[in-house]
file upload.cif (mmCIF, C-alpha atoms)
data_final
#
loop_
_atom_site.label_atom_id
_atom_site.label_comp_id
_atom_site.auth_asym_id
_atom_site.auth_seq_id
_atom_site.Cartn_x
_atom_site.Cartn_y
_atom_site.Cartn_z
CA MET W 235 -17.30 -101.78 -17.26
CA TYR W 236 -14.29 -99.52 -16.78
CA ASN W 237 -13.33 -97.24 -19.67
CA LEU W 238 -9.67 -96.23 -19.93
CA ASN W 239 -9.83 -94.11 -23.07
CA SER W 240 -7.64 -95.49 -25.85
CA ILE W 241 -6.21 -98.16 -23.52
CA GLY W 242 -9.46 -100.10 -23.65
CA THR W 243 -12.56 -101.09 -21.71
CA PHE W 244 -12.33 -103.66 -18.92
CA GLN W 245 -14.98 -105.65 -17.12
CA ASN W 246 -12.89 -105.85 -13.95
CA LEU W 247 -9.86 -104.07 -12.52
CA PRO W 248 -7.26 -105.20 -9.98
CA GLU W 249 -7.81 -103.73 -6.52
CA ILE W 250 -5.11 -101.03 -6.73
CA ALA W 251 -6.18 -100.06 -10.23
CA LEU W 252 -9.76 -99.75 -8.99
CA HIS W 253 -8.68 -97.46 -6.17
CA ILE W 254 -6.90 -95.23 -8.70
CA TYR W 255 -9.84 -95.33 -11.12
CA GLU W 256 -12.23 -94.24 -8.37
CA GLY W 257 -9.84 -91.77 -6.77
CA ASN W 258 -9.87 -93.60 -3.43
CA LEU W 259 -6.96 -91.81 -1.75
CA LYS W 260 -7.48 -93.42 1.66
CA ALA W 261 -7.24 -96.94 0.24
CA LEU W 262 -4.16 -95.99 -1.79
CA GLN W 263 -2.44 -94.48 1.24
CA THR W 264 -3.11 -97.68 3.17
CA ALA W 265 -1.68 -99.77 0.30
CA LEU W 266 1.41 -97.56 0.21
CA SER W 267 1.85 -97.92 3.96
CA ASP W 268 1.59 -101.69 3.53
CA GLY W 269 4.51 -101.65 1.06
CA LEU W 270 2.95 -101.18 -2.40
CA ASP W 271 5.75 -100.81 -4.98
CA ILE W 272 4.67 -97.58 -6.59
CA ASN W 273 6.43 -98.23 -9.90
CA THR W 274 5.35 -101.84 -10.43
CA GLU W 275 2.98 -102.28 -13.37
CA LEU W 276 -0.62 -103.27 -12.76
CA GLU W 277 -1.86 -106.08 -15.02
CA LEU W 278 -5.25 -105.05 -16.41
CA SER W 279 -5.39 -107.90 -18.90
CA LYS W 280 -3.10 -110.43 -20.54
CA PHE W 281 -1.75 -107.80 -22.92
CA THR W 282 -2.28 -104.58 -20.95
CA LYS W 283 -0.09 -103.34 -18.12
CA VAL W 284 0.17 -99.82 -16.70
CA THR W 285 1.97 -98.23 -13.78
CA PRO W 286 -0.15 -96.61 -11.06
CA LEU W 287 0.99 -93.18 -12.22
CA GLU W 288 0.15 -93.93 -15.84
CA LEU W 289 -3.34 -95.03 -14.87
CA ALA W 290 -3.86 -91.93 -12.75
CA LEU W 291 -2.78 -89.76 -15.68
CA ILE W 292 -5.04 -91.59 -18.12
CA LYS W 293 -7.97 -90.86 -15.79
CA ASP W 294 -6.62 -87.35 -15.09
CA ARG W 295 -6.88 -87.85 -11.33
CA LEU W 296 -4.70 -84.97 -10.17
CA ASP W 297 -5.10 -85.77 -6.48
CA VAL W 298 -3.95 -89.33 -7.10
CA VAL W 299 -1.10 -88.11 -9.32
CA GLN W 300 0.08 -85.78 -6.56
CA LEU W 301 -0.01 -88.59 -3.99
CA LEU W 302 1.98 -90.93 -6.23
CA VAL W 303 4.56 -88.31 -7.13
CA GLU W 304 5.01 -87.36 -3.47
CA GLN W 305 5.64 -91.04 -2.74
CA GLY W 306 8.34 -91.30 -5.40
CA ALA W 307 6.64 -92.37 -8.61
CA GLU W 308 9.05 -92.34 -11.54
CA LEU W 309 8.33 -89.33 -13.78
CA ASN W 310 10.92 -89.95 -16.48
CA ALA W 311 10.80 -93.68 -17.15
CA PRO W 312 12.75 -94.37 -20.37
CA VAL W 313 9.86 -95.88 -22.36
CA ASN W 314 6.94 -94.33 -20.50
CA PRO W 315 7.58 -90.68 -19.60
CA ALA W 316 4.81 -89.21 -17.46
CA PHE W 317 4.68 -85.92 -19.36
CA LEU W 318 3.73 -87.69 -22.60
CA THR W 319 0.83 -89.52 -20.98
CA ALA W 320 -0.31 -86.28 -19.36
CA VAL W 321 -0.39 -84.23 -22.57
CA ARG W 322 -2.39 -86.96 -24.28
CA TYR W 323 -5.03 -87.49 -21.60
CA GLY W 324 -4.68 -84.80 -18.98
CA SER W 325 -5.80 -81.30 -18.13
CA GLU W 326 -3.69 -78.16 -18.09
CA GLN W 327 -3.50 -78.28 -14.30
CA THR W 328 -2.11 -81.81 -14.31
CA ILE W 329 0.42 -81.03 -17.03
CA ARG W 330 1.67 -77.92 -15.25
CA TYR W 331 2.01 -79.86 -12.00
CA LEU W 332 4.16 -82.56 -13.62
CA HIS W 333 6.31 -79.94 -15.30
CA GLN W 334 6.88 -78.23 -11.96
CA GLN W 335 7.86 -81.57 -10.43
CA GLY W 336 10.59 -82.15 -13.00
CA ALA W 337 8.87 -84.24 -15.66
CA ARG W 338 10.96 -84.01 -18.83
CA MET W 339 9.22 -82.88 -22.00
CA ASP W 340 11.79 -84.05 -24.56
CA LEU W 341 11.67 -87.83 -24.03
CA LEU W 342 10.14 -90.45 -26.33
CA ASN W 343 7.88 -93.33 -25.36
CA ARG W 344 8.17 -96.99 -26.34
CA VAL W 345 6.85 -96.33 -29.86
CA LYS W 346 9.24 -93.37 -30.35
CA SER W 347 6.48 -90.79 -30.08
CA GLY W 348 7.19 -87.42 -28.48
CA ALA W 349 5.20 -84.85 -26.54
CA TYR W 350 3.73 -82.99 -29.51
CA GLN W 351 2.69 -86.22 -31.20
CA GLU W 352 1.04 -87.56 -28.03
CA ALA W 353 -0.78 -84.27 -27.51
CA TYR W 354 -2.01 -84.52 -31.10
CA TYR W 355 -3.41 -88.00 -30.45
CA GLY W 356 -5.24 -86.54 -27.48
CA GLY W 357 -7.01 -83.97 -29.62
CA ALA W 358 -4.21 -81.38 -29.94
CA LYS W 359 -5.67 -79.04 -27.31
CA ASN W 360 -2.48 -79.26 -25.23
CA ILE W 361 -0.06 -78.38 -28.04
CA PRO W 362 -0.06 -74.62 -27.30
CA LEU W 363 0.57 -75.40 -23.62
CA ILE W 364 3.65 -77.46 -24.49
CA VAL W 365 4.91 -74.53 -26.56
CA GLU W 366 4.36 -72.20 -23.59
CA LEU W 367 6.25 -74.56 -21.26
CA GLY W 368 9.25 -74.35 -23.54
CA LEU W 369 9.63 -77.50 -25.65
CA ASP W 370 11.03 -76.25 -28.97
CA ILE W 371 8.27 -76.94 -31.50
CA ARG W 372 10.62 -76.20 -34.39
CA LYS W 373 12.82 -79.07 -33.24
CA TYR W 374 10.16 -81.51 -32.08
CA GLY W 375 7.03 -80.62 -34.08
CA GLY W 376 7.89 -81.95 -37.54
CA LYS W 377 6.38 -85.40 -37.05
CA THR W 378 3.14 -83.82 -35.85
CA LEU W 379 3.03 -81.55 -38.91
CA ARG W 380 3.31 -84.58 -41.17
CA THR W 381 0.54 -86.37 -39.23
CA ALA W 382 -1.72 -83.32 -39.41
CA VAL W 383 -1.21 -83.19 -43.19
CA SER W 384 -2.13 -86.87 -43.48
CA ASP W 385 -5.29 -86.21 -41.44
CA HIS W 386 -6.25 -83.17 -43.59
CA ASN W 387 -6.06 -81.00 -40.45
CA ILE W 388 -5.35 -77.75 -42.25
CA LYS W 389 -6.02 -75.53 -39.22
CA LEU W 390 -3.33 -77.28 -37.20
CA VAL W 391 -0.99 -77.29 -40.20
CA HIS W 392 -1.21 -73.49 -40.35
CA TYR W 393 -0.62 -73.25 -36.59
CA LEU W 394 2.46 -75.47 -36.70
CA LEU W 395 3.92 -73.60 -39.66
CA ASP W 396 3.21 -70.28 -37.95
CA GLN W 397 5.22 -71.61 -34.99
CA GLY W 398 8.20 -72.26 -37.26
CA VAL W 399 7.95 -76.02 -37.87
CA ASP W 400 9.88 -76.97 -41.01
CA VAL W 401 7.48 -77.30 -43.94
CA ASN W 402 9.98 -79.70 -45.54
CA TYR W 403 10.44 -81.97 -42.51
CA ASN W 404 11.40 -85.43 -43.76
CA GLU W 405 12.97 -87.45 -40.96
CA ALA W 406 12.43 -91.21 -41.18
CA ASP W 407 10.24 -92.97 -38.61
CA MET W 408 8.20 -96.17 -38.33
CA VAL W 409 5.30 -94.69 -40.30
CA TYR W 410 7.41 -92.96 -42.95
CA PRO W 411 10.68 -94.93 -43.24
CA TYR W 412 11.08 -93.58 -46.79
CA ARG W 413 11.46 -89.99 -45.49
CA ALA W 414 8.23 -88.49 -46.74
CA THR W 415 7.78 -84.73 -46.67
CA PRO W 416 4.48 -83.06 -45.74
CA LEU W 417 4.08 -82.29 -49.45
CA THR W 418 4.56 -85.88 -50.62
CA VAL W 419 2.16 -87.03 -47.88
CA ALA W 420 -0.45 -84.55 -49.13
CA ALA W 421 0.10 -85.74 -52.71
CA ARG W 422 -0.47 -89.37 -51.67
CA GLN W 423 -3.67 -88.29 -49.97
CA ASN W 424 -4.82 -86.66 -53.23
CA ASP W 425 -5.37 -83.52 -51.15
CA LEU W 426 -4.94 -80.71 -53.67
CA THR W 427 -5.99 -78.04 -51.17
CA MET W 428 -3.28 -79.18 -48.75
CA VAL W 429 -0.72 -79.38 -51.57
CA LYS W 430 -1.49 -75.77 -52.54
CA THR W 431 -1.34 -74.67 -48.91
CA LEU W 432 2.07 -76.25 -48.35
CA ILE W 433 3.43 -74.76 -51.56
CA GLU W 434 2.18 -71.32 -50.50
CA ARG W 435 3.95 -71.86 -47.17
CA GLY W 436 7.26 -72.63 -48.87
CA ALA W 437 7.31 -76.39 -49.51
CA ASP W 438 10.11 -77.52 -51.85
CA VAL W 439 8.41 -79.30 -54.76
CA THR W 440 11.72 -80.82 -55.89
CA LEU W 441 12.47 -82.60 -52.62
CA ALA W 442 12.40 -86.37 -53.17
CA GLU W 443 11.78 -89.21 -50.76
CA LYS W 444 14.36 -91.92 -50.10
CA ASP W 445 13.14 -93.98 -53.06
CA GLY W 446 13.22 -91.01 -55.44
CA GLU W 447 9.49 -90.20 -55.40
CA ARG W 448 8.57 -86.52 -55.68
CA ALA W 449 5.16 -85.02 -55.11
CA TYR W 450 4.84 -84.71 -58.91
CA THR W 451 5.55 -88.38 -59.64
CA ILE W 452 3.12 -89.38 -56.87
CA ALA W 453 0.43 -87.25 -58.51
CA VAL W 454 1.19 -88.82 -61.91
CA ALA W 455 0.96 -92.33 -60.48
CA SER W 456 -2.35 -91.39 -58.81
CA LYS W 457 -3.64 -89.99 -62.13
CA ASN W 458 -4.38 -86.67 -60.45
CA THR W 459 -3.86 -84.57 -63.56
CA GLU W 460 -4.67 -81.23 -61.97
CA MET W 461 -2.20 -81.79 -59.15
CA ALA W 462 0.47 -83.16 -61.50
CA ASP W 463 0.14 -80.16 -63.82
CA LEU W 464 0.46 -77.74 -60.91
CA LEU W 465 3.56 -79.45 -59.52
CA LYS W 466 5.14 -79.79 -62.96
CA SER W 467 4.70 -76.06 -63.55
CA LEU W 468 6.69 -75.36 -60.37
CA GLU W 469 9.53 -77.81 -60.99
CA PRO W 470 12.65 -76.85 -62.96
CA ALA W 471 12.15 -77.27 -66.71
CA ASP W 472 15.21 -79.56 -66.80
CA PHE W 473 13.25 -82.17 -64.83
CA HIS W 474 10.92 -82.62 -67.80
CA ASP W 475 13.30 -82.11 -70.71
CA LEU W 476 13.74 -85.29 -72.74
CA HIS W 477 17.32 -84.58 -73.83
CA ASN W 478 18.32 -83.76 -70.27
CA LYS W 479 16.69 -86.98 -69.02
CA LEU W 480 18.45 -89.09 -71.65
CA HIS W 481 21.74 -87.55 -70.56
CA THR W 482 20.94 -88.30 -66.90
CA LEU W 483 20.08 -91.92 -67.69
CA ARG W 484 23.12 -92.70 -69.82
CA SER W 485 24.55 -95.02 -67.16
CA TYR W 486 21.35 -97.10 -67.21
CA LYS W 487 22.03 -98.18 -70.80
CA LEU W 488 18.37 -98.42 -71.69
CA PRO W 489 17.74 -100.49 -74.83
CA ALA W 490 16.37 -98.55 -77.77
CA ALA W 491 13.09 -100.49 -77.64
CA LEU W 492 12.50 -99.52 -73.99
CA THR W 493 13.38 -95.87 -74.64
CA SER W 494 11.01 -95.84 -77.61
CA PHE W 495 8.21 -97.43 -75.58
CA LEU W 496 8.54 -94.96 -72.70
CA SER W 497 8.64 -92.06 -75.16
CA GLY W 498 5.38 -93.12 -76.80
CA GLU W 499 1.78 -92.38 -75.92
CA ASN W 500 0.49 -95.90 -75.19
CA LEU W 501 1.93 -96.51 -71.73
CA ARG W 502 -0.69 -98.94 -70.46
CA VAL W 503 0.04 -102.64 -70.90
CA LYS W 504 -3.13 -104.70 -70.54
CA LEU W 505 -2.87 -108.11 -68.95
CA PRO W 506 -4.96 -111.22 -69.62
CA ALA W 507 -7.54 -112.22 -67.01
CA ASN W 508 -5.89 -113.76 -63.97
CA GLU W 509 -6.78 -114.94 -60.48
CA TYR W 510 -5.03 -111.97 -58.90
CA GLY W 511 -7.20 -109.34 -60.55
CA VAL W 512 -4.27 -107.42 -62.04
CA ASP W 513 -5.64 -105.96 -65.27
CA TYR W 514 -2.86 -103.63 -66.36
CA ILE W 515 0.49 -101.99 -65.80
CA ASP W 516 0.74 -98.24 -66.32
CA PHE W 517 4.23 -97.01 -67.12
CA PHE W 518 5.73 -93.58 -66.55
CA THR W 519 6.85 -91.50 -69.48
CA LEU W 520 10.60 -91.59 -69.91
CA THR W 521 11.00 -88.15 -68.31
CA ASP W 522 8.99 -89.22 -65.27
CA THR W 523 10.90 -92.42 -64.50
CA ILE W 524 12.44 -92.45 -61.03
CA GLU W 525 15.99 -93.30 -60.07
CA MET W 526 16.10 -95.42 -56.91
CA LYS W 527 18.25 -97.95 -55.06
CA SER W 528 17.81 -101.35 -53.48
CA GLY W 529 20.79 -101.76 -51.20
CA ARG W 530 23.74 -100.95 -53.45
CA GLN W 531 21.85 -101.78 -56.63
CA LYS W 532 20.85 -98.88 -58.83
CA LEU W 533 17.33 -99.21 -60.29
CA LEU W 534 15.07 -97.15 -62.51
CA ARG W 535 11.40 -97.25 -61.62
CA LEU W 536 9.34 -97.65 -64.77
CA SER W 537 5.79 -98.35 -63.53
CA ALA W 538 3.39 -95.71 -62.30
CA GLU W 539 0.81 -98.28 -61.23
CA VAL W 540 0.54 -102.07 -61.23
CA GLY W 541 -3.19 -102.74 -61.03
CA ASN W 542 -4.24 -102.69 -57.39
CA TYR W 543 -0.83 -103.75 -56.07
CA THR W 544 0.70 -100.55 -54.73
CA ASP W 545 3.70 -102.38 -53.25
CA ILE W 546 4.87 -103.80 -56.61
CA LEU W 547 7.09 -101.63 -58.82
CA ILE W 548 8.36 -102.61 -62.27
CA VAL W 549 11.97 -101.48 -62.58
CA TRP W 550 14.96 -101.56 -64.89
CA HIS W 551 18.24 -102.96 -63.57
CA PRO W 552 21.20 -101.63 -65.58
CA GLY W 553 23.63 -104.24 -64.22
CA SER W 554 21.73 -107.22 -65.58
CA GLN W 555 20.07 -105.25 -68.40
CA LYS W 556 16.76 -106.75 -67.33
CA ILE W 557 13.28 -105.75 -66.30
CA GLY W 558 12.70 -106.66 -62.67
CA TYR W 559 10.40 -105.81 -59.82
CA TYR W 560 10.80 -104.15 -56.45
CA ASP W 561 8.69 -105.21 -53.47
CA VAL W 562 8.14 -102.02 -51.45
CA GLU W 563 6.83 -103.76 -48.34
CA HIS W 564 9.78 -106.13 -48.04
CA GLN W 565 12.28 -103.79 -49.73
CA GLU W 566 13.46 -106.52 -52.08
CA TYR W 567 14.44 -106.53 -55.74
CA ALA W 568 14.30 -109.51 -58.11
CA PRO W 569 15.12 -109.74 -61.85
CA LEU W 570 12.58 -110.96 -64.39
CA ALA W 571 13.58 -110.87 -68.06
CA LYS W 572 14.94 -108.85 -70.94
CA PHE W 573 12.61 -106.07 -72.01
CA ALA W 574 11.51 -107.82 -75.22
CA GLU W 575 10.80 -111.04 -73.31
CA PHE W 576 8.79 -109.20 -70.68
CA MET W 577 6.69 -107.36 -73.23
CA ALA W 578 6.03 -110.57 -75.18
CA ASP W 579 4.18 -112.06 -72.20
CA PRO W 580 3.78 -109.57 -69.33
CA GLY W 581 0.97 -111.65 -67.80
CA LEU W 582 3.36 -114.56 -67.26
CA TYR W 583 5.87 -112.39 -65.42
CA MET W 584 3.21 -110.70 -63.30
CA THR W 585 2.00 -114.13 -62.22
CA ARG W 586 5.55 -115.09 -61.27
CA ILE W 587 5.84 -111.90 -59.21
CA LEU W 588 2.61 -112.50 -57.34
CA GLU W 589 3.38 -116.16 -56.75
CA GLY W 590 6.75 -115.25 -55.29
#
call {"tool": "encode", "arguments": {"input": "upload.cif", "output": "structure tokens"}}
result
Amino acid sequence: MYNLNSIGTFQNLPEIALHIYEGNLKALQTALSDGLDINTELELSKFTKVTPLELALIKDRLDVVQLLVEQGAELNAPVNPAFLTAVRYGSEQTIRYLHQQGARMDLLNRVKSGAYQEAYYGGAKNIPLIVELGLDIRKYGGKTLRTAVSDHNIKLVHYLLDQGVDVNYNEADMVYPYRATPLTVAARQNDLTMVKTLIERGADVTLAEKDGERAYTIAVASKNTEMADLLKSLEPADFHDLHNKLHTLRSYKLPAALTSFLSGENLRVKLPANEYGVDYIDFFTLTDTIEMKSGRQKLLRLSAEVGNYTDILIVWHPGSQKIGYYDVEHQEYAPLAKFAEFMADPGLYMTRILEG
């Protein structure tokens, strides 16, 4: 069996791949003399293809890497830059060699991951080396900070912040299309220690994600009272003032019955037994409701939690004056009923939601 780290384990390898795996320079030189296309991918399996250089970097065969580079291997392929593979799998010597040969550090691979992120996936040991070689960690390290927070890697979080990475980094990517900040990521992880650390390092507790979620509202929805109390104490008092909230929500034209319900103490609506296992809907207090948008439609998020369905949000749509729901996964809104109708039989409407 041939182990190629995170690429996989293979029972057999093509001849050229085997030469690279074993570091057989003589056989590779013969293949090159016979016309081997140095940048053609080697098919390891139906779904796995790698270039000779990529395979050499995965195995950290510096002698093979040097041979391939000398023979013209592409260092800066648009979706497979050599430097990124090296910092994930390779040694310092290999990384320095590629840098000296002109491998660019600032490119992204096919999944839009950069050098710092790839080094992190490889155990993070090469991150300081990338800094030394000159790739601006303040510009390119934000995604890695957010990942380190998600992984509870507090030591690396401190290192990245010490290097000047923005504690409030919130660029959208495939993992966080809703523009999460390190603080909102920590709140979702229920990591109070990380939340406190980020606050001490200057995190903005008021910064909201694309859908309006703040670290505080995430903590409320997660029923993490200690975290919610801490974050509330650091937010502006206006955020939690009822009169101020009513003024802010004037354009939503909330019916008196809905305002009264959200201002009360009984914010859990229990549902009858159903095949989907949704037992309840927990609503936010009026002051904690979240303004959000679906396309051009303005919505007000009312629910803190819908049973075990984290992708379902109960919302208010001011245009139709109806309760509706927002599907987070598919980013779709659909109307349901007037507030009084919804409250008269919430189980019926939940079933309609879950049955599409």
call {"tool": "resolve_selection", "arguments": {"input": "upload.cif", "expression": "the PyMOL selection byres ((chain W and resi 300) around 12)", "output": "PyMOL selection string"}}
result
chain W and resi 254+257+259+263+286-287+290-291+294-299+301-307+309+327-332+334-335
call {"tool": "residues_around", "arguments": {"input": "upload.cif", "residues": "Tyr560 in chain W", "least_positions_apart": "3", "cutoff": "7 Å", "atoms": "all atoms listed in the file", "output": "number ranges by chain"}}
result
W: 546-549, 565-568
call {"tool": "resolve_selection", "arguments": {"input": "upload.cif", "expression": "the PyMOL selection byres ((chain W and resi 412-414) around 12)", "output": "VMD selection string"}}
result
chain W and resid 376 to 377 379 to 381 383 to 384 401 to 411 415 to 422 441 to 449 452 526 to 527 562 to 563 565
call {"tool": "residues_around", "arguments": {"input": "upload.cif", "residues": "Pro552 in chain W", "least_positions_apart": "3", "cutoff": "12 Å", "atoms": "only C-alpha atoms", "output": "list in words"}}
result
Leu483, Arg484, Ser485, Tyr486, Lys487, Leu488, Pro489, Glu525, Met526, Lys527, Gln531, Lys532, Leu533, Leu534, Arg535, Val549, Gln555, Lys556, Ile557, Gly558, Pro569, Lys572 and Phe573 of chain W
call {"tool": "residues_near_point", "arguments": {"input": "upload.cif", "point": "(11.3, -72.0, -51.6)", "cutoff": "12 Å", "atoms": "all atoms listed in the file", "output": "list in words"}}
result
Asp400, Val401, Asn402, Leu432, Ile433, Glu434, Arg435, Gly436, Ala437, Asp438, Val439, Thr440, Leu441, Leu468 and Glu469 of chain W
call {"tool": "residues_near_point", "arguments": {"input": "upload.cif", "point": "(7.2, -94.6, -72.5)", "cutoff": "7 Å", "atoms": "all atoms listed in the file", "output": "list in words"}}
result
Thr493, Ser494, Phe495, Leu496, Ser497, Gly498, Glu499, Leu501, Phe517, Phe518, Thr519 and Leu520 of chain W
call {"tool": "resolve_selection", "arguments": {"input": "upload.cif", "expression": "the PyMOL selection byres ((chain W and resi 353) around 9)", "output": "list in words"}}
result
Leu318, Thr319, Ala320, Val321, Arg322, Tyr323, Gly348, Ala349, Tyr350, Gln351, Glu352, Tyr354, Tyr355, Gly356, Gly357, Ala358, Lys359, Asn360, Ile361 and Ile364 of chain W
call {"tool": "closest_residue", "arguments": {"input": "upload.cif", "among": "W:Ala490, W:Ala455, W:His564, W:Asp370", "to": "Asn542 in chain W", "atoms": "all atoms listed in the file"}}
result
W:Ala455
call {"tool": "decode", "arguments": {"input": "upload.cif", "residues": "range 253-300 of chain W", "atoms": "C-alpha atoms", "output": "tab-separated table (two decimals), in the first residue's frame"}}
result
chain	number	residue	atom	x	y	z
W	253	HIS	CA	9.44	6.25	-9.37
W	254	ILE	CA	8.61	9.56	-7.67
W	255	TYR	CA	7.29	7.83	-4.56
W	256	GLU	CA	10.49	5.81	-4.23
W	257	GLY	CA	12.80	8.63	-5.24
W	258	ASN	CA	14.16	6.71	-8.23
W	259	LEU	CA	16.01	9.55	-9.98
W	260	LYS	CA	17.65	7.34	-12.60
W	261	ALA	CA	14.31	5.97	-13.80
W	262	LEU	CA	12.81	9.47	-13.86
W	263	GLN	CA	15.72	10.85	-15.87
W	264	THR	CA	15.26	8.04	-18.38
W	265	ALA	CA	11.52	8.78	-18.62
W	266	LEU	CA	12.26	12.47	-19.16
W	267	SER	CA	14.77	11.62	-21.88
W	268	ASP	CA	12.12	9.45	-23.52
W	269	GLY	CA	9.73	12.44	-23.71
W	270	LEU	CA	7.73	12.38	-20.46
W	271	ASP	CA	5.49	15.48	-20.33
W	272	ILE	CA	6.52	16.84	-16.97
W	273	ASN	CA	3.30	18.76	-16.35
W	274	THR	CA	0.81	16.05	-17.37
W	275	GLU	CA	-1.22	14.72	-14.45
W	276	LEU	CA	-0.71	11.16	-13.26
W	277	GLU	CA	-3.95	9.23	-12.69
W	278	LEU	CA	-3.71	7.49	-9.32
W	279	SER	CA	-7.35	6.46	-9.28
W	280	LYS	CA	-10.61	7.32	-11.00
W	281	PHE	CA	-11.00	10.46	-8.92
W	282	THR	CA	-7.38	11.30	-8.06
W	283	LYS	CA	-4.89	12.96	-10.37
W	284	VAL	CA	-1.64	14.73	-9.47
W	285	THR	CA	1.22	16.26	-11.41
W	286	PRO	CA	4.69	14.76	-10.94
W	287	LEU	CA	5.77	17.86	-9.03
W	288	GLU	CA	2.73	17.75	-6.77
W	289	LEU	CA	3.42	14.12	-5.92
W	290	ALA	CA	7.08	14.86	-5.21
W	291	LEU	CA	6.04	17.69	-2.89
W	292	ILE	CA	3.48	15.55	-1.09
W	293	LYS	CA	6.24	13.01	-0.39
W	294	ASP	CA	8.73	15.83	0.30
W	295	ARG	CA	11.30	14.35	-2.08
W	296	LEU	CA	13.58	17.36	-2.49
W	297	ASP	CA	15.92	15.62	-4.92
W	298	VAL	CA	12.98	14.72	-7.15
W	299	VAL	CA	11.55	18.24	-6.81
W	300	GLN	CA	14.87	19.72	-7.90
